[in-house]
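J.: Dumping the structure here so I can ask a few things about it.
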Amino acid sequence: MTYPDGDRITYTVERSVNKGKFSFVVSGTTKTEHTISSHTAGIEQYRVKAKDSKGHESGYVVSPSATVAQNSKPVINGDTSTLEDLGTVKEGFVYRYTAWRTWMRMQ
């Protein structure tokens, strides 16, 4: 991306986890999407700044905090108290279950 005066602009994105120090996530010169995978539950916050090709930098723009709930493995529950042999499945069958995933919730 370029600034109106023709300078090339680079954007840098950083992340803070659980109110810790910000660390580098991604940097680039184009408008693009970037998938960020969180491996731990907690509070995350992001910030971004711009820098032109002459070395001039903007201040950071900081996101609101977001609470990340860690996804857990799906569990299928059923009545196993009898442990009865139901034989061989010869046709398709349906077992109903519910699974869900929480991504982010803004504070």
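Residue names in the structure tokens use chain letters A, B, ... in the order shown, residue numbers from 1 in each chain, and ligand numbers from 1 in the order shown.
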Near segment 3-12 of chain A, within 7 Å and counting only C-alpha atoms, which residues show up once chain neighbours fewer than 4 positions away are dropped, as a PyMOL selection string?

T.: chain A and resi 26-29+48-53

J.: Using only C-alpha atoms, which residues sit within 7 Å of Ser23 of chain A once same-chain residues fewer than 3 positions away are excluded, as number ranges by chain?

T.: A: 14-16

J.: Write the residues of the preceding selection, restricted to C-alpha atoms, as a compact mmCIF listing (two decimals), in the first residue's frame.

T.:
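The file below, out-v4.txt, is the result:
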# COMPACT_ATOMS: atom_id res chain seq x y z
CA GLU A 14 1.34 -7.42 17.50
CA ARG A 15 -0.58 -9.43 20.14
CA SER A 16 -0.68 -9.40 23.93

J.: How far is it from atom CA of Gly20 of chain A to atom CA of Glu57 of chain A, in Å with one decimal?

T.: 23.1 Å

J.: Which distance in Å separates atom CA of Gly55 of chain A and atom CA of Thr30 of chain A, to one decimal?

T.: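 According to the coordinates, atom CA of Gly55 of chain A and atom CA of Thr30 of chain A are separated by 17.3 Å.
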